[in-house]
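**Q** Take this structure, written in structure tokens, and hold onto it; I'll ask about it next.
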Amino acid sequence: SVSVGTGVQLLCMSFISIACALLGFLSPANRGGLLTATLLLFVLMGVPAGYGASRTFKSLRGVEWRALTLLTATAYPAAIFVVFTLLNLALWSHGSTGAVPAGTFVALLAMWFCVSLPLVFVGAFLGFKRPLPAPPTRTNEIPRQIPPQGWFLGRAVTMAVGGVLPFGAVFIELFFIMTSVWLQRFYYVFGFLALVLLILIITCAEMAIVLCYFQLCNEDYNWWWRAFLTSGSSGLYLFGYSIMYFHSQLEIDGFVPTLMYFTYMAVFSTLFFLVTGTIGFYSCQKFVWAIYAAIKVD
């Protein structure tokens with residue numbers, strides 16, 4: 001539920017950021033303004049994050065809603081903040097001009113605790129307050145025994161298969177984005193980026209639904225984590241591609257610059273994992289609801 005809530009937050013941030021860039025509100029020539037707007041949008045999307053996490057948690061019959069809300073607001077942001085702080089300390093120790101000043105850290109903490117955290121609680125309150133729809137069919141309180149599954153339905157195999165197509169959908173555009181970030185090139189084709197994002201959503205949904213269908217046909221009803229990991233595994237392909245890009249396109253020397261590159265790409269791959277995994281989870285949830293709603297029980 002925490003991962004799904006953070007994925008909803010990132011997905012909403014991506015949609016609004018690309019829309020603002022398409023309308024000309026964000027200029028790629030002003031990298032600082034683009035980054036500031038993206039961070040601000042992430043903070044303001046706390047309501048969708050809390051709402052998505054709470055609805056998922058409630059549908060899975062969770063009860064500790066306070067712990068869920070607090071983890072949704074702090075778990076992934078805190079981990080990224082710690083990594084960012086340690087990396088910044090390494091830059092300070094080497095006297096780099098790229099180190100972030102202490103005032104920026106204070107501003108980030110203020111945005112996090114004064115804006116994002118209350119908004120996540122508001123979204124969680126709205127999500128828990130809204131009643132869940134009735135199940136489409138009668139459910140059994142005693143779990144059925146799951147028969148032995150074939151090797152081709154193992155979690156590792158489905159993750160390896162499910163992440164290929166979503167990564168392939170963004171492979172070419174990813175090259176231009178990484179070139180813009182690491183080689184100081186300007187990126188202007190936000191219209192094409194919006195189309196790629198749409199293709200990514202469709203591809204993640206299709207792969208997650210197909211593999212979920214095979215899983216249900218083999219009487220394995222534990223689909224929720226499998227659905228998230230199936231499409232989310234494209235983040236692993238992204239990190240693997242970043243290693244190849246480092247050796248083929250970049251000329252980075254020294255321990256600290258190399259550490260910066262792989263740390264940032266690991267963080268970006270994790271965020272990509274959360275976004276694609278959230279798409280896969282919600283797609284399978286709608287699919288499972290639809291097929292069981294179509295069952296006629298006499």
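Chains: A, B, ... in order of the structure tokens. Residues: from 1 per chain. Ligands: from 1, in order shown.
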Would you kindly return, as a list in words, each protein, DNA or RNA residue with an atom no farther than 8 Å from any atom of stretch 219-226 of chain A, considering only C-alpha atoms and excluding same-chain residues fewer than 5 positions away?

**A**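 The contact residues come out as Ile146, Pro147, Arg155, Cys212, Phe281, Cys284 and Gln285 of chain A.
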
**Q** Looking at A:Leu70, A:Leu119, A:Leu195, A:Leu200, which one is nearest to A:Leu22, with distances taken over only C-alpha atoms?

**A** A:Leu195

**Q** Compare A:Leu68, A:Glu251, A:Gln149, A:Tyr282 by their minimum atom-to-atom distance to A:Cys217, counting only C-alpha atoms, and give me the closest one.

**A**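 The closest residue to A:Cys217 is A:Gln149.
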
**Q** Could you list, as a PyMOL selection string, every residue within 12 Å of stretch 103-108 of chain A, counting only C-alpha atoms and ignoring same-chain residues fewer than 6 positions away?

**A** chain A and resi 36+39-40+42-43+77-78+80-82+84-85+88+114-116

**Q** Quick one: residues within 12 Å of A:Ser242, only C-alpha atoms counted, chain neighbours fewer than 3 positions away excluded, as a PyMOL selection string?

**A** chain A and resi 171+174-175+177-179+182+235-239+245-250+258+261-269

**Q** Give me, as number ranges by chain, all polymer residues having an atom no more than 7 Å from A:Leu229, counting only C-alpha atoms and skipping those fewer than 4 positions away in the same chain.

**A** A: 159, 225, 233, 277

**Q** For A:Ala293, which residue out of A:Ile16, A:Ala134, A:Val100, A:Val47 is the nearest one, using only C-alpha atoms?

**A**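 Ranked by minimum distance to A:Ala293, first place goes to A:Ala134.
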
**Q** From the options A:Gly50, A:Gly280, A:Gly162, A:Gly154, which residue's atoms come nearest to A:Leu71, counting only C-alpha atoms?

**A** A:Gly50

**Q** Could you tell me, as a PyMOL selection string, which residues of stretch 23-238 of chain A DSSP assigns to alpha helix (DSSP H) when given the backbone?

**A** chain A and resi 31-44+46-59+65-93+102-111+117-129+155-162+164-182+190-217+224-232+234-238
